[in-house]
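Colleague: start_36.pdb is reproduced in full below (PDB, C-alpha atoms).
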ATOM      1  CA  MET A   1      59.821  13.094  -6.969
ATOM      2  CA  LYS A   2      56.797  12.847  -4.663
ATOM      3  CA  VAL A   3      56.231   9.328  -3.367
ATOM      4  CA  SER A   4      52.637   8.137  -2.753
ATOM      5  CA  PRO A   5      52.115   6.860   0.745
ATOM      6  CA  ILE A   6      51.892   3.097   1.091
ATOM      7  CA  ILE A   7      48.694   1.876   2.751
ATOM      8  CA  SER A   8      48.836  -1.491   4.452
ATOM      9  CA  LEU A   9      46.277  -4.201   3.727
ATOM     10  CA  LYS A  10      44.945  -3.820   7.258
ATOM     11  CA  GLN A  11      44.468  -0.077   6.764
ATOM     12  CA  ALA A  12      42.830  -0.628   3.368
ATOM     13  CA  LEU A  13      40.381  -3.110   4.802
ATOM     14  CA  LYS A  14      39.596  -0.711   7.617
ATOM     15  CA  VAL A  15      38.925   2.136   5.189
ATOM     16  CA  SER A  16      36.900   0.024   2.763
ATOM     17  CA  GLY A  17      34.930  -1.509   5.633
ATOM     18  CA  THR A  18      34.060   1.967   6.887
ATOM     19  CA  MET A  19      32.908   2.961   3.398
ATOM     20  CA  VAL A  20      30.755  -0.149   3.038
ATOM     21  CA  PHE A  21      29.238   0.515   6.448
ATOM     22  CA  LEU A  22      28.444   4.100   5.477
ATOM     23  CA  VAL A  23      26.897   3.036   2.149
ATOM     24  CA  LEU A  24      24.793   0.364   3.798
ATOM     25  CA  SER A  25      23.757   2.779   6.538
ATOM     26  CA  CYS A  26      22.670   5.366   3.976
ATOM     27  CA  PHE A  27      20.729   2.709   2.054
ATOM     28  CA  THR A  28      18.997   1.533   5.227
ATOM     29  CA  ILE A  29      18.060   5.065   6.233
ATOM     30  CA  ALA A  30      16.707   5.814   2.738
ATOM     31  CA  TRP A  31      14.662   2.607   2.656
ATOM     32  CA  ALA A  32      13.303   3.122   6.160
ATOM     33  CA  SER A  33      12.293   6.714   5.443
ATOM     34  CA  GLY A  34      10.438   5.582   2.315
ATOM     35  CA  TYR A  35       8.361   3.130   4.352
ATOM     36  CA  LYS A  36       8.346   4.815   7.717
ATOM     37  CA  HIS A  37       4.593   4.334   8.070
ATOM     38  CA  LYS A  38       2.208   1.797   6.619
ATOM     39  CA  PRO A  39      -0.065   3.215   3.938
ATOM     40  CA  LYS A  40      -3.541   4.082   5.153
ATOM     41  CA  ILE A  41      -6.798   4.053   3.201
ATOM     42  CA  LEU A  42     -10.183   5.615   3.858
ATOM     43  CA  VAL A  43     -13.344   3.605   3.164
ATOM     44  CA  PHE A  44     -16.271   5.952   2.526
ATOM     45  CA  SER A  45     -19.785   4.488   2.453
ATOM     46  CA  LYS A  46     -22.268   7.335   2.765
ATOM     47  CA  THR A  47     -25.599   6.639   1.061
ATOM     48  CA  LYS A  48     -28.490   8.912   0.142
ATOM     49  CA  GLY A  49     -30.066   6.490  -2.300
ATOM     50  CA  PHE A  50     -30.294   2.727  -1.921
ATOM     51  CA  HIS A  51     -28.329   1.464   1.076
ATOM     52  CA  HIS A  52     -26.580  -1.859   0.516
ATOM     53  CA  ALA A  53     -26.677  -4.131   3.552
ATOM     54  CA  SER A  54     -23.318  -5.564   2.436
ATOM     55  CA  ILE A  55     -21.586  -2.294   3.337
ATOM     56  CA  ALA A  56     -21.309  -3.502   6.939
ATOM     57  CA  VAL A  57     -19.552  -6.757   6.073
ATOM     58  CA  GLY A  58     -17.594  -4.962   3.360
ATOM     59  CA  ASN A  59     -16.070  -2.575   5.891
ATOM     60  CA  ILE A  60     -15.066  -5.486   8.121
ATOM     61  CA  ALA A  61     -13.598  -7.415   5.197
ATOM     62  CA  ILE A  62     -11.503  -4.457   4.015
ATOM     63  CA  GLN A  63     -10.214  -3.885   7.543
ATOM     64  CA  LYS A  64      -9.194  -7.541   7.629
ATOM     65  CA  LEU A  65      -7.470  -7.187   4.260
ATOM     66  CA  GLY A  66      -5.539  -4.253   5.659
ATOM     67  CA  ALA A  67      -4.457  -6.144   8.772
ATOM     68  CA  GLU A  68      -3.268  -9.056   6.645
ATOM     69  CA  ASN A  69      -1.561  -6.972   3.959
ATOM     70  CA  ASN A  70       0.175  -4.193   5.883
ATOM     71  CA  PHE A  71      -2.063  -1.182   5.366
ATOM     72  CA  ASP A  72      -4.294   0.647   7.827
ATOM     73  CA  VAL A  73      -7.989   1.259   7.249
ATOM     74  CA  ASP A  74     -10.288   4.039   8.443
ATOM     75  CA  THR A  75     -14.017   3.767   7.702
ATOM     76  CA  THR A  76     -16.561   6.572   7.655
ATOM     77  CA  THR A  77     -19.906   7.808   6.379
ATOM     78  CA  ASP A  78     -18.992  11.359   7.405
ATOM     79  CA  ALA A  79     -18.164  13.512   4.385
ATOM     80  CA  SER A  80     -16.752  16.249   6.651
ATOM     81  CA  LYS A  81     -13.622  14.064   6.685
ATOM     82  CA  PHE A  82     -13.065  15.281   3.133
ATOM     83  CA  THR A  83     -10.785  18.214   3.794
ATOM     84  CA  ILE A  84      -7.542  18.970   2.026
ATOM     85  CA  ASP A  85      -5.458  18.443   5.158
ATOM     86  CA  ASN A  86      -7.226  15.287   6.333
ATOM     87  CA  LEU A  87      -7.105  13.476   2.993
ATOM     88  CA  LYS A  88      -3.330  13.934   2.788
ATOM     89  CA  GLN A  89      -2.850  11.017   5.195
ATOM     90  CA  TYR A  90      -4.526   8.496   2.875
ATOM     91  CA  ALA A  91      -2.880   6.522   0.093
ATOM     92  CA  ALA A  92      -6.284   5.689  -1.414
ATOM     93  CA  ILE A  93      -9.995   6.282  -0.855
ATOM     94  CA  VAL A  94     -12.508   3.482  -1.340
ATOM     95  CA  PHE A  95     -16.077   4.422  -2.268
ATOM     96  CA  LEU A  96     -17.945   1.377  -0.943
ATOM     97  CA  SER A  97     -21.395   1.275  -2.576
ATOM     98  CA  THR A  98     -21.960   4.994  -2.134
ATOM     99  CA  THR A  99     -25.255   6.281  -3.544
ATOM    100  CA  GLY A 100     -26.840   9.681  -4.049
ATOM    101  CA  LEU A 101     -26.224  12.935  -5.858
ATOM    102  CA  SER A 102     -23.039  14.855  -5.147
ATOM    103  CA  THR A 103     -25.128  17.644  -3.601
ATOM    104  CA  GLN A 104     -26.543  15.086  -1.163
ATOM    105  CA  LEU A 105     -23.188  13.589  -0.282
ATOM    106  CA  PHE A 106     -20.798  16.537  -0.260
ATOM    107  CA  THR A 107     -20.484  20.270   0.226
ATOM    108  CA  GLU A 108     -18.646  22.207  -2.452
ATOM    109  CA  ASP A 109     -15.578  22.394  -0.199
ATOM    110  CA  GLU A 110     -15.630  18.611   0.310
ATOM    111  CA  LYS A 111     -15.856  18.061  -3.437
ATOM    112  CA  ALA A 112     -12.941  20.436  -3.968
ATOM    113  CA  ALA A 113     -10.884  18.511  -1.391
ATOM    114  CA  LEU A 114     -11.498  15.192  -3.171
ATOM    115  CA  LYS A 115     -10.639  16.744  -6.521
ATOM    116  CA  GLN A 116      -7.394  18.201  -5.187
ATOM    117  CA  TYR A 117      -6.540  14.865  -3.541
ATOM    118  CA  ILE A 118      -6.798  13.088  -6.899
ATOM    119  CA  GLU A 119      -4.957  15.871  -8.737
ATOM    120  CA  HIS A 120      -2.041  15.404  -6.331
ATOM    121  CA  GLY A 121      -1.736  11.700  -7.105
ATOM    122  CA  GLY A 122      -4.273  10.128  -4.752
ATOM    123  CA  GLY A 123      -5.859   6.738  -5.395
ATOM    124  CA  TYR A 124      -9.547   5.880  -5.857
ATOM    125  CA  VAL A 125     -11.337   2.532  -5.624
ATOM    126  CA  GLY A 126     -15.012   2.256  -6.552
ATOM    127  CA  VAL A 127     -16.947  -0.784  -5.395
ATOM    128  CA  HIS A 128     -20.310  -1.816  -6.875
ATOM    129  CA  ALA A 129     -22.738   1.099  -6.317
ATOM    130  CA  ALA A 130     -19.931   3.654  -6.493
ATOM    131  CA  THR A 131     -21.189   4.118 -10.078
ATOM    132  CA  ASP A 132     -24.729   4.775  -8.764
ATOM    133  CA  CYS A 133     -23.429   8.013  -7.341
ATOM    134  CA  CYS A 134     -22.845  11.673  -8.203
ATOM    135  CA  TYR A 135     -24.749  11.727 -11.500
ATOM    136  CA  ASP A 136     -24.721  15.500 -11.216
ATOM    137  CA  TRP A 137     -20.905  15.717 -11.044
ATOM    138  CA  GLN A 138     -19.256  14.649 -14.298
ATOM    139  CA  TRP A 139     -15.754  14.909 -12.824
ATOM    140  CA  TYR A 140     -16.682  12.088 -10.456
ATOM    141  CA  GLY A 141     -18.179  10.059 -13.298
ATOM    142  CA  ASN A 142     -14.945  10.411 -15.216
ATOM    143  CA  LEU A 143     -13.076   9.197 -12.115
ATOM    144  CA  SER A 144     -15.233   6.138 -11.430
ATOM    145  CA  GLY A 145     -15.488   5.426 -15.148
ATOM    146  CA  ALA A 146     -19.231   4.847 -15.590
ATOM    147  CA  TYR A 147     -22.764   5.622 -14.489
ATOM    148  CA  PHE A 148     -25.219   2.899 -13.475
ATOM    149  CA  LYS A 149     -28.303   2.221 -15.611
ATOM    150  CA  GLY A 150     -30.024  -0.771 -14.030
ATOM    151  CA  HIS A 151     -29.792  -4.455 -13.150
ATOM    152  CA  PRO A 152     -31.819  -7.664 -13.338
ATOM    153  CA  SER A 153     -32.442  -9.892 -10.332
ATOM    154  CA  GLN A 154     -29.418 -11.487  -8.676
ATOM    155  CA  GLN A 155     -28.250 -14.587 -10.500
ATOM    156  CA  GLU A 156     -25.214 -16.562 -11.574
ATOM    157  CA  ALA A 157     -23.268 -15.360 -14.594
ATOM    158  CA  VAL A 158     -19.910 -15.936 -16.237
ATOM    159  CA  LEU A 159     -17.267 -13.232 -16.055
ATOM    160  CA  ASP A 160     -14.547 -13.233 -18.708
ATOM    161  CA  VAL A 161     -11.120 -12.065 -17.578
ATOM    162  CA  VAL A 162      -9.773 -10.107 -20.563
ATOM    163  CA  ASP A 163      -6.527  -8.982 -18.903
ATOM    164  CA  SER A 164      -4.921 -11.559 -16.641
ATOM    165  CA  THR A 165      -1.688  -9.608 -16.168
ATOM    166  CA  ASN A 166      -3.095  -7.158 -13.614
ATOM    167  CA  ILE A 167      -2.660  -7.561  -9.853
ATOM    168  CA  ALA A 168      -6.467  -7.698  -9.489
ATOM    169  CA  THR A 169      -7.004 -10.502 -12.028
ATOM    170  CA  SER A 170      -3.818 -12.555 -12.446
ATOM    171  CA  PHE A 171      -5.092 -15.353 -10.161
ATOM    172  CA  LEU A 172      -8.665 -15.537 -11.488
ATOM    173  CA  PRO A 173      -9.989 -18.284 -13.762
ATOM    174  CA  ARG A 174     -10.327 -17.205 -17.386
ATOM    175  CA  HIS A 175     -14.095 -17.756 -17.110
ATOM    176  CA  TRP A 176     -15.304 -16.988 -13.600
ATOM    177  CA  LYS A 177     -18.810 -18.127 -12.675
ATOM    178  CA  ARG A 178     -20.354 -16.482  -9.636
ATOM    179  CA  LYS A 179     -23.600 -15.038  -8.288
ATOM    180  CA  ASP A 180     -23.982 -11.301  -7.766
ATOM    181  CA  GLU A 181     -26.068  -8.339  -8.884
ATOM    182  CA  TRP A 182     -25.029  -7.404 -12.406
ATOM    183  CA  TYR A 183     -25.070  -3.744 -13.416
ATOM    184  CA  SER A 184     -25.517  -2.317 -16.865
ATOM    185  CA  PHE A 185     -24.192   1.184 -17.495
ATOM    186  CA  LYS A 186     -25.759   4.094 -19.337
ATOM    187  CA  TRP A 187     -22.462   5.914 -19.817
ATOM    188  CA  MET A 188     -18.819   4.858 -19.734
ATOM    189  CA  ALA A 189     -15.593   6.827 -19.949
ATOM    190  CA  PRO A 190     -13.622   6.202 -23.158
ATOM    191  CA  ASP A 191     -10.149   5.710 -21.630
ATOM    192  CA  LEU A 192     -10.685   2.678 -19.392
ATOM    193  CA  HIS A 193      -8.345  -0.315 -19.278
ATOM    194  CA  VAL A 194     -10.899  -3.095 -18.968
ATOM    195  CA  LEU A 195      -9.986  -6.132 -16.872
ATOM    196  CA  ILE A 196     -13.232  -8.134 -16.734
ATOM    197  CA  LYS A 197     -16.318  -8.334 -18.938
ATOM    198  CA  ILE A 198     -19.557 -10.224 -18.363
ATOM    199  CA  ASP A 199     -20.817 -12.773 -20.866
ATOM    200  CA  GLU A 200     -24.342 -11.530 -21.549
ATOM    201  CA  LYS A 201     -25.315 -14.958 -22.894
ATOM    202  CA  SER A 202     -24.651 -16.458 -19.444
ATOM    203  CA  TYR A 203     -27.468 -14.640 -17.621
ATOM    204  CA  ASP A 204     -30.896 -13.112 -18.186
ATOM    205  CA  GLN A 205     -30.847  -9.311 -18.474
ATOM    206  CA  GLN A 206     -34.692  -9.415 -18.208
ATOM    207  CA  LYS A 207     -34.949  -6.108 -20.112
ATOM    208  CA  ASP A 208     -33.563  -5.356 -23.569
ATOM    209  CA  GLU A 209     -32.420  -1.943 -22.374
ATOM    210  CA  LEU A 210     -29.913  -3.631 -20.053
ATOM    211  CA  LYS A 211     -28.127  -5.385 -22.911
ATOM    212  CA  MET A 212     -24.832  -3.692 -23.684
ATOM    213  CA  GLY A 213     -23.142  -6.232 -25.959
ATOM    214  CA  ASP A 214     -19.604  -5.288 -24.955
ATOM    215  CA  HIS A 215     -20.128  -5.228 -21.187
ATOM    216  CA  PRO A 216     -17.176  -4.267 -18.933
ATOM    217  CA  MET A 217     -17.398  -5.025 -15.196
ATOM    218  CA  ALA A 218     -13.977  -4.083 -13.784
ATOM    219  CA  TRP A 219     -11.363  -1.634 -14.992
ATOM    220  CA  TYR A 220      -8.632   0.812 -14.057
ATOM    221  CA  HIS A 221      -7.253   4.043 -15.491
ATOM    222  CA  THR A 222      -5.321   7.150 -14.602
ATOM    223  CA  TYR A 223      -7.400  10.283 -14.311
ATOM    224  CA  ASP A 224      -6.634  13.921 -13.501
ATOM    225  CA  GLY A 225      -3.339  13.047 -11.822
ATOM    226  CA  GLY A 226      -4.571  10.046  -9.800
ATOM    227  CA  ARG A 227      -5.144   6.299 -10.127
ATOM    228  CA  ALA A 228      -8.644   4.830 -10.274
ATOM    229  CA  PHE A 229      -9.928   1.252 -10.063
ATOM    230  CA  TYR A 230     -13.533   0.073 -10.198
ATOM    231  CA  THR A 231     -15.191  -3.303  -9.737
ATOM    232  CA  GLU A 232     -18.901  -3.824 -10.274
ATOM    233  CA  LEU A 233     -18.805  -6.906  -8.040
ATOM    234  CA  GLY A 234     -19.696  -6.754  -4.353
ATOM    235  CA  HIS A 235     -23.451  -6.421  -3.897
ATOM    236  CA  THR A 236     -23.930  -9.576  -1.864
ATOM    237  CA  ASP A 237     -22.816 -10.289   1.691
ATOM    238  CA  GLU A 238     -21.357 -13.547   0.409
ATOM    239  CA  SER A 239     -18.911 -11.632  -1.788
ATOM    240  CA  TYR A 240     -17.004 -10.523   1.304
ATOM    241  CA  ALA A 241     -16.396 -14.127   2.328
ATOM    242  CA  ASP A 242     -15.315 -15.207  -1.169
ATOM    243  CA  PRO A 243     -11.501 -15.559  -1.324
ATOM    244  CA  LEU A 244     -11.329 -14.861  -5.066
ATOM    245  CA  TYR A 245     -13.432 -11.731  -4.808
ATOM    246  CA  LEU A 246     -11.471 -10.476  -1.811
ATOM    247  CA  LYS A 247      -8.172 -10.993  -3.635
ATOM    248  CA  HIS A 248      -9.628  -9.154  -6.632
ATOM    249  CA  LEU A 249     -10.651  -6.255  -4.392
ATOM    250  CA  LEU A 250      -7.257  -6.284  -2.664
ATOM    251  CA  GLY A 251      -5.533  -6.043  -6.026
ATOM    252  CA  GLY A 252      -7.613  -2.978  -6.875
ATOM    253  CA  ILE A 253      -6.745  -1.356  -3.562
ATOM    254  CA  GLU A 254      -3.047  -2.078  -4.035
ATOM    255  CA  TYR A 255      -3.182  -0.626  -7.560
ATOM    256  CA  ALA A 256      -4.815   2.546  -6.211
ATOM    257  CA  ILE A 257      -2.316   2.825  -3.366
ATOM    258  CA  GLY A 258       0.585   2.605  -5.803
ATOM    259  CA  LYS A 259       3.536   4.477  -4.321
ATOM    260  CA  ASN A 260       1.419   6.730  -2.121
ATOM    261  CA  TYR A 261       3.276   5.987   1.109
ATOM    262  CA  LYS A 262       2.736   8.896   3.473
ATOM    263  CA  GLN A 263       5.550  10.186   5.690
TER     264      GLN A 263
END
Just dump the structure as structure tokens.

Modeller:
Amino acid sequence: MKVSPIISLKQALKVSGTMVFLVLSCFTIAWASGYKHKPKILVFSKTKGFHHASIAVGNIAIQKLGAENNFDVDTTTDASKFTIDNLKQYAAIVFLSTTGLSTQLFTEDEKAALKQYIEHGGGYVGVHAATDCCYDWQWYGNLSGAYFKGHPSQQEAVLDVVDSTNIATSFLPRHWKRKDEWYSFKWMAPDLHVLIKIDEKSYDQQKDELKMGDHPMAWYHTYDGGRAFYTELGHTDESYADPLYLKHLLGGIEYAIGKNYKQ
């Protein structure tokens, strides 16, 4: 009869300790490789229509958000940065009050690079005038979620948070009163998860054509393989010093980043 070898307690502890060390080492290596580099985003603010003065303070504010929340930020107005290879380094792209037709903003190759970036799981954030952009490129409209129609003069209004479970709204008051420039939209995508609506009774649209009734102002959705978030807020310089707005914008950026950590 074959007798199994007897292992002493000391030997068993030595073996088990080695195994625990190896398991922990493997776990540490796997975790570190998953977060080897901080995520990086690109803020794009090229304009060929109206140029928002708040773009300057918006860029600074987003860079500050990155420094405080562990992601890097590149800013540009140069659409030649939109190449397939260059966009691979970014976890999300922010369109900060971009304006103009797609033919004014991009070459066909640059448009193809953005499309491929989204198709491969990239993130998009549209801020304010990002919906006053690329009217001649329906793919982009589907991504941003809407096309701008017009706005009344800047004034205070009440925003109703209709989904307070999202990272971009969970901290906001149910009824949020603030001053900004309030867009109406002439077209909206049908698949949007709306986060915030504006109470049209709380401000003067000044033109009947700007009344929408059901009037979304911030939303997110998945589109063509990627993640997209849009907030209408952010026209004024003061927005980028408003802690609630900045946290709202940060939540949208973090949603768009998702798990897009680049190695």

Colleague: List, as number ranges by chain, every residue that the PyMOL selection byres ((chain A and resi 160) around 7) selects in the file provided.

Modeller: A: 158-159, 161-162, 174-176, 196-199

Colleague: Give me, as a list of chain:residue names, all polymer residues having an atom no more than 8 Å from segment 81-92 of chain A, counting only C-alpha atoms and skipping those fewer than 4 positions away in the same chain.

Modeller: A:Pro39, A:Lys40, A:Ile41, A:Leu42, A:Asp109, A:Glu110, A:Lys111, A:Ala113, A:Leu114, A:Gln116, A:Tyr117, A:Gly122, A:Gly123, A:Tyr124, A:Val125, A:Ile253, A:Ala256, A:Ile257, A:Gly258, A:Asn260, A:Tyr261, A:Lys262

Colleague: Determine, counting all atoms listed in the file, which protein, DNA and RNA residues have an atom within 8 Å of an atom of segment 202-204 of chain A; residues of the same chain fewer than 5 positions away are not included. Present the result as a list of chain:residue names.

Modeller: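 In the requested form, the answer reads A:Pro152, A:Gln155, A:Glu156, A:Ala157, A:Val158.
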
Colleague: Using atom CA of Leu172 of chain A and atom CA of Glu254 of chain A as the two end points, give the distance in Å to one decimal.

Modeller: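 One can read the atom CA of Leu172 of chain A to atom CA of Glu254 of chain A distance as 16.4 Å.
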
Colleague: Counting all atoms listed in the file, which residues of segment 62-176 of chain A fall within 6 Å of segment 184-191 of chain A, and what is the closest atom pair for each with its distance in Å at one decimal, ordered by chain and rising number, as JSON lines?

Modeller:
{"residue": "A:Asn142", "atom": "CA", "partner": "A:Ala189", "partner_atom": "CA", "distance": 6.0}
{"residue": "A:Gly145", "atom": "CA", "partner": "A:Ala189", "partner_atom": "CA", "distance": 5.0}
{"residue": "A:Ala146", "atom": "CA", "partner": "A:Met188", "partner_atom": "CA", "distance": 4.2}
{"residue": "A:Tyr147", "atom": "CA", "partner": "A:Trp187", "partner_atom": "CA", "distance": 5.3}
{"residue": "A:Phe148", "atom": "CA", "partner": "A:Phe185", "partner_atom": "CA", "distance": 4.5}
{"residue": "A:Lys149", "atom": "CA", "partner": "A:Phe185", "partner_atom": "CA", "distance": 4.6}
{"residue": "A:Gly150", "atom": "CA", "partner": "A:Ser184", "partner_atom": "CA", "distance": 5.5}

Colleague: What is the distance, in Å and to one decimal place, between atom CA of Leu192 of chain A and atom CA of Gly252 of chain A?

Modeller: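 Computing the Euclidean distance for atom CA of Leu192 of chain A and atom CA of Gly252 of chain A yields 14.1 Å.
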
Colleague: Return as a ChimeraX atom specification the set of residues that the PyMOL selection byres ((chain A and resi 133-141) around 6) yields on the displayed structure.

Modeller: /A:99-102,130-132,142-146

Colleague: As an exercise, work out the distance from atom CA of Val94 of chain A to atom CA of Asn70 of chain A in Å and give it to one decimal place.

Modeller: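 Atom-to-atom, atom CA of Val94 of chain A and atom CA of Asn70 of chain A are spaced 16.5 Å apart.
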
Colleague: Could you check the closest approach to Thr222 of chain A for each of A:His193, A:Lys177, A:His235, A:His248 and tell me which residue wins, using only C-alpha atoms?

Modeller: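 When distances to Thr222 of chain A are compared using only C-alpha atoms, the smallest one comes from A:His193.
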
Colleague: Can you turn the PyMOL selection byres ((chain A and resi 74) around 7) into a concrete residue list for this file, as an mmCIF file with C-alpha atoms, keeping the file's coordinate frame?

Modeller:
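Here's the written file result_31.cif:
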data_model
loop_
_atom_site.group_PDB
_atom_site.id
_atom_site.type_symbol
_atom_site.label_atom_id
_atom_site.label_comp_id
_atom_site.auth_asym_id
_atom_site.auth_seq_id
_atom_site.Cartn_x
_atom_site.Cartn_y
_atom_site.Cartn_z
ATOM 1 C CA ILE A 41 -6.798 4.053 3.201
ATOM 2 C CA LEU A 42 -10.183 5.615 3.858
ATOM 3 C CA VAL A 43 -13.344 3.605 3.164
ATOM 4 C CA ASP A 72 -4.294 0.647 7.827
ATOM 5 C CA VAL A 73 -7.989 1.259 7.249
ATOM 6 C CA THR A 75 -14.017 3.767 7.702
ATOM 7 C CA THR A 76 -16.561 6.572 7.655
#

Colleague: Of the residues A:Val194, A:Ala79, A:Val127, A:Val57, which is the one nearest to Glu108 of chain A, using only C-alpha atoms?

Modeller: A:Ala79

Colleague: Closest to Asn59 of chain A among A:Thr236, A:Leu249, A:Thr47, A:Leu96, using only C-alpha atoms?

Modeller: A:Leu96

Colleague: Considering all atoms listed in the file, can you say which of A:Tyr223, A:Phe71, A:Phe171, A:Phe44 comes closest to Leu105 of chain A?

Modeller: A:Phe44
